[in-house]
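One structure is given below, encoded as structure tokens.
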Amino acid sequence: MKQSYKKIMMYGVTLLSCVFFSAGVTVYAEETQGVKGMTEEEFTPAKEVLTVKYVQIDKPYHVDVESLSGAFKDAQGVAVPLQMQDKAFPNGGGSVNSADVKAVHDGLTIYFHISWKDPTENARAIAIQEFRDAVALMFPLGAVNITPSEHFSPRMGDREKPVNLWHWKADWESDLLVKGELEDVEAQYPNMHDDWNTNPFSPYYHRDMITSVSVLSGGRAALNLFSQPGRKRTVEDLNAEGFGTLTTQDHQDVNGCSQYKDGIWTVIIYRSLITEDPHDVQFVPGGNSFFNMAVWNGNEKDRNGQKNISTQWHPVTLERVAWQ
Amino acid sequence: MTLVHNWHLGRRMEYPYFESRPKRQFAAVFNINRCIACQTCTMACKSAWTYNKGQEFMWWNNVETKPYGGYPQSWDVKTLRLIDNNGGNVWYTDEKDEKLSPYGVYEGDTIFEAAAKKNLNQWAVGYIPEDKEWRAPNFGEDVAMSNNKPDEYSTLPEHSRWFFYLQRLCNHCTYPGCLAACPRKAIYKRKEDGIVLIDQKRCRGYRKCVEQCPYKKPMYRGLTRISEKCIACYPRVEGKDPLTQGRPMETRCMAACVGQIRLQGFLDDNPKNPVTWLIRHEKVALPLYPQFGTEPNIYYIPPRWAPRAYLRQMFGPGSDEAIEKFMVPSRELLAVMSLFRMTQSIIFEYKIEEGPKVFETVIHGKKFEMFNDTVIGYGEDGKEILRTTVEEPIHIRDPKHYNSI
């Protein structure tokens, strides 16, 4: 028995090609992307509609949560239930189970106010084992109608059905506050030894090495937004059409600010209603759209698909501009 | 998952992508017996690629002392423990097939199969070493494992007080754990030479590669917030360095090897390719931890003094045969080993011109004859790039220079 098993293991391709080939194909179809099927409810948008209230906002010189909080006082929010991401590998999340979302616009800019409970603040991702807190909003691209009969995946969109994502990151907020606008490794490891600051030779002696820094910082040379000093923003503007396709846009239009207080993250993400970028979602006062969201808890090592997600789209309606 | 053939394991195994072998595979043979742990390879790599800010802890190439050393600390022990059977390395070796299962058939789980069995909802088992585990790259250097009494000597064939050096870099695996793990497909294996690279534009610093590479060679750079790994000096391998005039050139760590333990080349189907011959035909060089299931492409001639059980765990069941062949080398093996570090250009083929017998003796009861054969190495274009002899040429200094420097 053992012998024949070995033969199958070694010569399986020739001996049992048909059996293995068909098995291989089935397995591939079901699991190769590490994706499990979705339920019908997920294709049904939630009943609660997020009304984007029209308010006049005197945009402060320095945009922060405090100065904008007044704008949201009459806005009606929705509570978005969150759960672990259990469809696409790697699965994860489940530590945050709900987030409150409110939104307003002033005819020029749309502001989303998101808050959720998180007992730990993780605003740095420099050490290898540390991960950032983050939140993302997702919108279908273009004018779409989402109903149970017209499927539009609430999980990262789908092929030919792209989504626009706004991804706020806690460490990008920290980056804004330091000189050079990118936290250096010394922020994590104070007084660390490095050859650059303790070098006894003159900069002239090391000029080749010094000028090679940006070329040999892979992420910087490749213009990866994560690695760039001076991003001037805390929110990344992205597109996706399905799992694993998330891509940073060439043109960044979204910004945001945040506050961590008493175990609650409050993040405001804002962008002008209309942009010139064809890859951006566009908002028209009086118009409709949908949104979905996810929250990452850095303390639970959340990142990528390991996140707390909402499994349904939420409708968004923008109030018309009115004299007040 | 799909089923792919892994010839190290002698069987098919589960992997998230279809089998797709490169035209030729970046590979190298390291003769552990010769290594003196001078770390010249380590520094050659460091000074070329990882001298920058945020890379202070990064050693794409490192040499660690086994059994106690490890960079990051205890990487192999920790990964072996994650495999279901606690690293129990069970092989069926009664039947072998030259091409499909030269070492026998592995009966345990790979990192991919263990993850599926444990329902981890990720592609491979793994862990992220914390920053403190990367801090001491040469921790345990020269520390010997010993069962001896203080005044007891060790004797061959197996020393009971022993250590050896393990030279490590990215294995540019045929089935990379890092590539499988990346949810963004930011890691790719080049079709032309099998080099595995992280796309620095697509990487988002998720550290799934750091987690699921069993050899722990992708590393996270805090400054750029994304991961980096050994790039196999691909500009040199592509022949972009002017020194070799367009011919593929060995990597920095290979070329700098003082102990002449390294030979780099491409694993292909040519039996007269020195790397292919050593690995597939003479079977004197073995993969590192083949049971992980990634089909690594750096091959090692195991240290002949180390306990065989340890070597079998590290290099698989081919260890005994490899040591036997290395201890009493055949005429061809001796000739091919003369090619190590004779040129920086990659040798694609060798030819041996027979020379006279110069020495004979008995090693461990076996007759050993040494012939001063001439070995010729040919480049990619078929042109001769090197000619050497088994007996190293001796140059005697002119008496008038005896006292000059």
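Ligands are numbered from 1 in the order shown, residues from 1 within each chain, and chains are lettered A, B, ... in the order they appear in the structure tokens.
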Would you kindly return, as an mmCIF file with N, CA and C atoms, in the first residue's frame, each protein, DNA or RNA residue with an atom no farther than 12 Å from any atom of Asn297 in chain B, considering only C-alpha atoms and excluding same-chain residues fewer than 5 positions away?
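Listing of part15.cif after writing:
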```cif
data_model
loop_
_atom_site.group_PDB
_atom_site.id
_atom_site.type_symbol
_atom_site.label_atom_id
_atom_site.label_comp_id
_atom_site.auth_asym_id
_atom_site.auth_seq_id
_atom_site.Cartn_x
_atom_site.Cartn_y
_atom_site.Cartn_z
ATOM 1 N N ASN B 6 7.361 19.652 -6.608
ATOM 2 C CA ASN B 6 8.543 20.145 -5.918
ATOM 3 C C ASN B 6 9.548 19.002 -5.898
ATOM 4 N N TRP B 7 10.622 19.129 -6.677
ATOM 5 C CA TRP B 7 11.533 17.978 -6.782
ATOM 6 C C TRP B 7 12.366 17.781 -5.523
ATOM 7 N N HIS B 8 12.524 18.818 -4.704
ATOM 8 C CA HIS B 8 13.208 18.618 -3.422
ATOM 9 C C HIS B 8 12.428 17.645 -2.551
ATOM 10 N N ARG B 24 15.734 29.964 -16.775
ATOM 11 C CA ARG B 24 16.865 29.428 -16.043
ATOM 12 C C ARG B 24 16.789 30.032 -14.645
ATOM 13 N N GLN B 25 17.243 29.274 -13.664
ATOM 14 C CA GLN B 25 17.023 29.673 -12.284
ATOM 15 C C GLN B 25 18.320 30.133 -11.629
ATOM 16 N N PHE B 26 18.306 31.353 -11.117
ATOM 17 C CA PHE B 26 19.409 31.847 -10.292
ATOM 18 C C PHE B 26 19.672 30.829 -9.191
ATOM 19 N N ALA B 27 20.906 30.376 -9.082
ATOM 20 C CA ALA B 27 21.227 29.374 -8.060
ATOM 21 C C ALA B 27 22.687 29.525 -7.662
ATOM 22 N N ALA B 28 23.044 28.924 -6.535
ATOM 23 C CA ALA B 28 24.432 28.974 -6.093
ATOM 24 C C ALA B 28 24.730 27.741 -5.270
ATOM 25 N N VAL B 29 26.019 27.388 -5.247
ATOM 26 C CA VAL B 29 26.474 26.291 -4.400
ATOM 27 C C VAL B 29 27.442 26.868 -3.378
ATOM 28 N N PHE B 30 27.175 26.597 -2.095
ATOM 29 C CA PHE B 30 28.051 27.053 -1.021
ATOM 30 C C PHE B 30 28.691 25.833 -0.375
ATOM 31 N N ARG B 168 23.780 32.663 4.509
ATOM 32 C CA ARG B 168 22.383 32.764 4.083
ATOM 33 C C ARG B 168 22.099 34.038 3.301
ATOM 34 N N LEU B 169 21.325 33.874 2.256
ATOM 35 C CA LEU B 169 20.726 35.011 1.587
ATOM 36 C C LEU B 169 19.388 34.535 1.066
ATOM 37 N N CYS B 170 18.673 35.400 0.392
ATOM 38 C CA CYS B 170 17.385 34.987 -0.158
ATOM 39 C C CYS B 170 17.614 33.803 -1.084
ATOM 40 N N ASN B 171 16.768 32.791 -0.963
ATOM 41 C CA ASN B 171 16.927 31.573 -1.750
ATOM 42 C C ASN B 171 16.302 31.659 -3.142
ATOM 43 N N HIS B 172 15.667 32.771 -3.449
ATOM 44 C CA HIS B 172 14.988 32.950 -4.730
ATOM 45 C C HIS B 172 14.244 31.675 -5.123
ATOM 46 N N CYS B 173 13.409 31.261 -4.171
ATOM 47 C CA CYS B 173 12.716 29.976 -4.247
ATOM 48 C C CYS B 173 11.887 29.845 -5.522
ATOM 49 N N THR B 174 11.696 28.584 -5.915
ATOM 50 C CA THR B 174 10.808 28.312 -7.039
ATOM 51 C C THR B 174 9.358 28.547 -6.621
ATOM 52 N N TYR B 175 9.043 28.223 -5.361
ATOM 53 C CA TYR B 175 7.697 28.479 -4.828
ATOM 54 C C TYR B 175 7.822 29.373 -3.592
ATOM 55 N N PRO B 176 8.081 30.654 -3.788
ATOM 56 C CA PRO B 176 8.406 31.508 -2.641
ATOM 57 C C PRO B 176 7.225 31.659 -1.681
ATOM 58 N N ASP B 193 15.256 34.785 -15.141
ATOM 59 C CA ASP B 193 16.305 34.214 -14.306
ATOM 60 C C ASP B 193 15.823 33.724 -12.940
ATOM 61 N N GLY B 194 14.537 33.792 -12.699
ATOM 62 C CA GLY B 194 14.001 33.249 -11.453
ATOM 63 C C GLY B 194 14.288 34.082 -10.222
ATOM 64 N N ILE B 195 14.774 35.305 -10.402
ATOM 65 C CA ILE B 195 15.041 36.174 -9.255
ATOM 66 C C ILE B 195 13.701 36.697 -8.717
ATOM 67 N N VAL B 196 13.566 36.675 -7.384
ATOM 68 C CA VAL B 196 12.321 37.107 -6.747
ATOM 69 C C VAL B 196 12.492 38.532 -6.221
ATOM 70 N N ALA B 232 19.382 39.832 -5.489
ATOM 71 C CA ALA B 232 20.315 38.984 -6.244
ATOM 72 C C ALA B 232 21.225 39.821 -7.139
ATOM 73 N N GLN B 264 28.309 30.726 -8.134
ATOM 74 C CA GLN B 264 26.953 31.082 -8.543
ATOM 75 C C GLN B 264 26.760 30.788 -10.010
ATOM 76 N N GLY B 265 25.563 30.461 -10.360
ATOM 77 C CA GLY B 265 25.254 30.229 -11.758
ATOM 78 C C GLY B 265 23.769 30.105 -11.945
ATOM 79 N N PHE B 266 23.387 29.411 -12.994
ATOM 80 C CA PHE B 266 21.969 29.188 -13.246
ATOM 81 C C PHE B 266 21.712 27.695 -13.283
ATOM 82 N N LEU B 267 20.659 27.296 -12.620
ATOM 83 C CA LEU B 267 20.244 25.903 -12.649
ATOM 84 C C LEU B 267 19.440 25.704 -13.926
ATOM 85 N N ASP B 268 19.961 24.850 -14.809
ATOM 86 C CA ASP B 268 19.249 24.592 -16.059
ATOM 87 C C ASP B 268 19.350 23.105 -16.389
ATOM 88 N N VAL B 275 26.974 24.321 -11.856
ATOM 89 C CA VAL B 275 25.992 24.377 -10.773
ATOM 90 C C VAL B 275 24.994 23.224 -10.915
ATOM 91 N N THR B 276 24.488 23.048 -12.112
ATOM 92 C CA THR B 276 23.546 21.954 -12.361
ATOM 93 C C THR B 276 24.191 20.611 -12.059
ATOM 94 N N ILE B 279 24.510 19.998 -8.290
ATOM 95 C CA ILE B 279 23.239 19.850 -7.584
ATOM 96 C C ILE B 279 22.476 18.617 -8.063
ATOM 97 N N ARG B 280 22.289 18.500 -9.380
ATOM 98 C CA ARG B 280 21.388 17.476 -9.892
ATOM 99 C C ARG B 280 22.081 16.179 -10.252
ATOM 100 N N ALA B 285 25.529 18.988 -3.401
ATOM 101 C CA ALA B 285 25.012 20.234 -2.818
ATOM 102 C C ALA B 285 23.510 20.107 -2.624
ATOM 103 N N LEU B 286 23.065 20.511 -1.421
ATOM 104 C CA LEU B 286 21.677 20.242 -1.029
ATOM 105 C C LEU B 286 20.941 21.522 -0.641
ATOM 106 N N PRO B 287 19.616 21.505 -0.809
ATOM 107 C CA PRO B 287 18.821 22.685 -0.433
ATOM 108 C C PRO B 287 18.722 22.837 1.077
ATOM 109 N N LEU B 288 18.488 24.074 1.519
ATOM 110 C CA LEU B 288 18.372 24.373 2.946
ATOM 111 C C LEU B 288 16.914 24.191 3.380
ATOM 112 N N TYR B 289 16.696 23.348 4.354
ATOM 113 C CA TYR B 289 15.352 23.039 4.854
ATOM 114 C C TYR B 289 14.365 22.780 3.712
ATOM 115 N N PRO B 290 14.603 21.736 2.942
ATOM 116 C CA PRO B 290 13.676 21.472 1.833
ATOM 117 C C PRO B 290 12.249 21.226 2.311
#
```
query = What are the DSSP strand (DSSP E or B) residues of range 72-259 of chain A, as a PyMOL selection string?
reply = chain A and resi 78-81+83-85+88+92+98-105+109-117+134-140+158+161+163-169+235-240+247-248+255-259
Using only C-alpha atoms, what does the table of range 175-234 of chain B residues within 10 Å of range 129-138 of chain A look like, with each row giving the shortest atom pair and its distance in Å to one decimal, sorted by chain and ascending number, as a Markdown table?
```
| residue | atom | partner | partner_atom | distance |
| --- | --- | --- | --- | --- |
| B:Gly205 | CA | A:Phe131 | CA | 9.4 |
| B:Tyr206 | CA | A:Phe131 | CA | 8.5 |
| B:Arg207 | CA | A:Gln129 | CA | 8.8 |
| B:Tyr220 | CA | A:Gln129 | CA | 9.3 |
| B:Gly222 | CA | A:Glu130 | CA | 9.7 |
```
key: Selection: 8 Å around Met219 in chain B, only C-alpha atoms, excl. self and same-chain fewer than 3 positions, as a VMD selection string   = chain B and resid 58 210 216 227 to 229
Writer output for current selection, C-alpha atoms, as a short mmCIF file (atom, residue, chain, number, x, y, z; two decimals), in the first residue's frame:
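Saved the output as out-v3.cif:
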```cif
data_model
loop_
_atom_site.label_atom_id
_atom_site.label_comp_id
_atom_site.auth_asym_id
_atom_site.auth_seq_id
_atom_site.Cartn_x
_atom_site.Cartn_y
_atom_site.Cartn_z
CA MET B 58 19.19 44.61 7.49
CA VAL B 210 8.16 38.95 6.39
CA LYS B 216 13.02 35.40 7.00
CA SER B 227 9.53 45.84 2.78
CA GLU B 228 12.76 45.09 0.97
CA LYS B 229 14.71 41.98 0.20
#
```
ask   = Near Arg161 in chain B, within 7 Å and counting only C-alpha atoms, which residues show up once chain neighbours fewer than 4 positions away are dropped, as a VMD selection string?
value = chain B and resid 144 to 148 154
Suppose we keep N, CA and C atoms; can you now write the selection as a tab-separated table (two decimals), in the first residue's frame?
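Contents of the output file selection.tsv:
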```
chain	number	residue	atom	x	y	z
B	144	ALA	N	29.94	26.44	20.37
B	144	ALA	CA	29.85	25.04	19.97
B	144	ALA	C	28.81	24.30	20.80
B	145	MET	N	28.23	23.34	20.17
B	145	MET	CA	27.35	22.39	20.85
B	145	MET	C	28.25	21.27	21.30
B	146	SER	N	28.09	20.82	22.54
B	146	SER	CA	29.03	19.80	22.99
B	146	SER	C	28.40	18.82	23.98
B	147	ASN	N	28.73	17.57	23.78
B	147	ASN	CA	28.39	16.55	24.77
B	147	ASN	C	29.66	16.01	25.41
B	148	ASN	N	30.78	16.65	25.10
B	148	ASN	CA	32.06	16.14	25.57
B	148	ASN	C	32.35	16.54	27.01
B	154	SER	N	37.16	15.54	20.08
B	154	SER	CA	36.22	15.04	19.09
B	154	SER	C	36.99	14.40	17.95
```
With chain A as the partner and 9 Å as the cut-off, tabulate the residues of chain B that qualify, each row holding the nearest pair of atoms and their distance in Å to one decimal, using only C-alpha atoms, sorted by chain and rising number, as a tab-separated table.
```
residue	atom	partner	partner_atom	distance
B:Met1	CA	A:Thr32	CA	4.9
B:Thr2	CA	A:Gly24	CA	5.7
B:Leu3	CA	A:Gly24	CA	6.4
B:Gly10	CA	A:Met10	CA	6.3
B:Arg11	CA	A:Met9	CA	5.4
B:Arg12	CA	A:Met9	CA	6.8
B:Tyr15	CA	A:Thr32	CA	8.8
B:Pro16	CA	A:Thr32	CA	5.7
B:Tyr17	CA	A:Thr32	CA	7.2
B:Trp49	CA	A:Leu216	CA	7.1
B:Thr50	CA	A:Leu216	CA	8.2
B:Tyr51	CA	A:Asp195	CA	8.2
B:Asn52	CA	A:Val213	CA	6.5
B:Lys53	CA	A:Asp194	CA	7.6
B:Gly54	CA	A:Val185	CA	6.1
B:Glu56	CA	A:Asp194	CA	7.0
B:Tyr92	CA	A:Lys6	CA	8.1
B:Glu95	CA	A:Lys6	CA	8.1
B:Lys96	CA	A:Met10	CA	8.7
B:Asp97	CA	A:Met10	CA	7.9
B:Leu100	CA	A:Met10	CA	6.7
B:Ser101	CA	A:Met10	CA	7.0
B:Val105	CA	A:Lys6	CA	7.5
B:Leu120	CA	A:Asn91	CA	8.3
B:Asn121	CA	A:Pro90	CA	5.6
B:Gln122	CA	A:Pro90	CA	4.6
B:Trp123	CA	A:Phe89	CA	7.4
B:Ile128	CA	A:Gln129	CA	6.8
B:Pro129	CA	A:Gln129	CA	7.4
B:Glu130	CA	A:Gln129	CA	5.4
B:Asp131	CA	A:Ile128	CA	5.8
B:Ala181	CA	A:Pro90	CA	8.3
B:Cys182	CA	A:Gly244	CA	8.8
B:Pro183	CA	A:Gly244	CA	5.5
B:Arg184	CA	A:Gly244	CA	4.3
B:Lys185	CA	A:Gly244	CA	6.8
B:Asp199	CA	A:Ala222	CA	8.7
B:Gln200	CA	A:Gly219	CA	5.1
B:Lys201	CA	A:Asn224	CA	4.9
B:Arg202	CA	A:Thr247	CA	7.3
B:Cys203	CA	A:Asn224	CA	8.1
B:Arg204	CA	A:Phe226	CA	7.2
B:Gly205	CA	A:Phe226	CA	8.4
B:Tyr206	CA	A:Arg303	CA	6.0
B:Arg207	CA	A:Ile128	CA	8.0
B:Lys208	CA	A:Pro90	CA	8.9
B:Met219	CA	A:Ile128	CA	8.3
B:Tyr220	CA	A:Ile128	CA	5.9
B:Arg221	CA	A:Ile126	CA	7.4
B:Gly222	CA	A:Ile126	CA	3.9
B:Leu223	CA	A:Asp184	CA	5.8
B:Thr224	CA	A:Ser227	CA	4.0
B:Arg225	CA	A:Phe226	CA	6.0
B:Ile226	CA	A:Gly219	CA	7.0
B:Ser227	CA	A:Gly219	CA	8.8
B:Glu228	CA	A:Gly218	CA	7.8
```
Those in range 187-343 of chain B with helix (DSSP H, G or I) from DSSP, as a PyMOL selection string = chain B and resi 208-212+234-237+242-244+252-255+274-281+290-292+308-315+319-327+331-337
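Minimum atom-to-atom distances from B:Asp373, B:Asp76, B:Glu64, B:Glu384 to Pro214 in chain B were compared using only C-alpha atoms, and the lowest value belongs to B:Asp76.
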ask   = What's the 9 Å shell around Gln260 in chain B, counting only C-alpha atoms, without same-chain residues fewer than 5 positions away, as a list of chain:residue names?
value =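 Neighbouring residues, sequence-local ones excluded: B:Asn31, B:Arg34, B:Cys35, B:Met254, B:Ala255, B:Phe340, B:Arg341, B:Met342.
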request  = State, in Å with one decimal place, the distance from CA of Glu282 in chain B to CA of Ala306 in chain B.
outcome  =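 Taking CA of Glu282 in chain B as the start and CA of Ala306 in chain B as the end point, the length is 20.7 Å.
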message = At a cut-off of 9 Å, using only C-alpha atoms, what residues contact Val336 in chain B? Leave out same-chain residues fewer than 4 positions from it and give the result as a list in words.
response =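 Contacts, with the query itself left out: Pro274, Trp277, Leu278, Arg331, Glu332, Phe340, Tyr350, Ile352, Val375 and Val390 of chain B.
Atom pair CA of Ala187 in chain A / CA of Asn138 in chain B: separated by 25.8 Å.
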request  = Would you mind reading off the distance between CA of Val284 in chain B and CA of Pro317 in chain B, one decimal, in Å?
outcome  =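 Straight-line distance from CA of Val284 in chain B to CA of Pro317 in chain B works out to 12.0 Å.
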request  = Would you kindly return, as a PyMOL selection string, each protein, DNA or RNA residue with an atom no farther than 9 Å from any atom of Val284 in chain A, considering only C-alpha atoms and excluding same-chain residues fewer than 6 positions away?
outcome  = chain A and resi 107+273-274+318+320
Produce a file of the selected residues containing N, CA and C atoms, as a PDB file, in the first residue's frame.
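Result file follows (again.pdb):
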```
ATOM      1  N   GLY A 107     -21.191  72.893  -0.291  1.00  0.00           N
ATOM      2  CA  GLY A 107     -21.300  73.274  -1.695  1.00  0.00           C
ATOM      3  C   GLY A 107     -19.977  73.186  -2.430  1.00  0.00           C
ATOM      4  N   LEU A 273     -16.056  68.505  -3.632  1.00  0.00           N
ATOM      5  CA  LEU A 273     -17.139  67.678  -4.180  1.00  0.00           C
ATOM      6  C   LEU A 273     -16.779  67.141  -5.562  1.00  0.00           C
ATOM      7  N   ILE A 274     -16.222  68.022  -6.353  1.00  0.00           N
ATOM      8  CA  ILE A 274     -15.875  67.660  -7.732  1.00  0.00           C
ATOM      9  C   ILE A 274     -14.359  67.744  -7.897  1.00  0.00           C
ATOM     10  N   LEU A 318     -26.884  63.635  -0.897  1.00  0.00           N
ATOM     11  CA  LEU A 318     -26.372  64.974  -0.616  1.00  0.00           C
ATOM     12  C   LEU A 318     -27.519  65.983  -0.647  1.00  0.00           C
ATOM     13  N   ARG A 320     -29.369  69.508  -1.161  1.00  0.00           N
ATOM     14  CA  ARG A 320     -29.115  70.587  -2.120  1.00  0.00           C
ATOM     15  C   ARG A 320     -28.552  71.800  -1.395  1.00  0.00           C
TER      16      ARG A 320
END
```
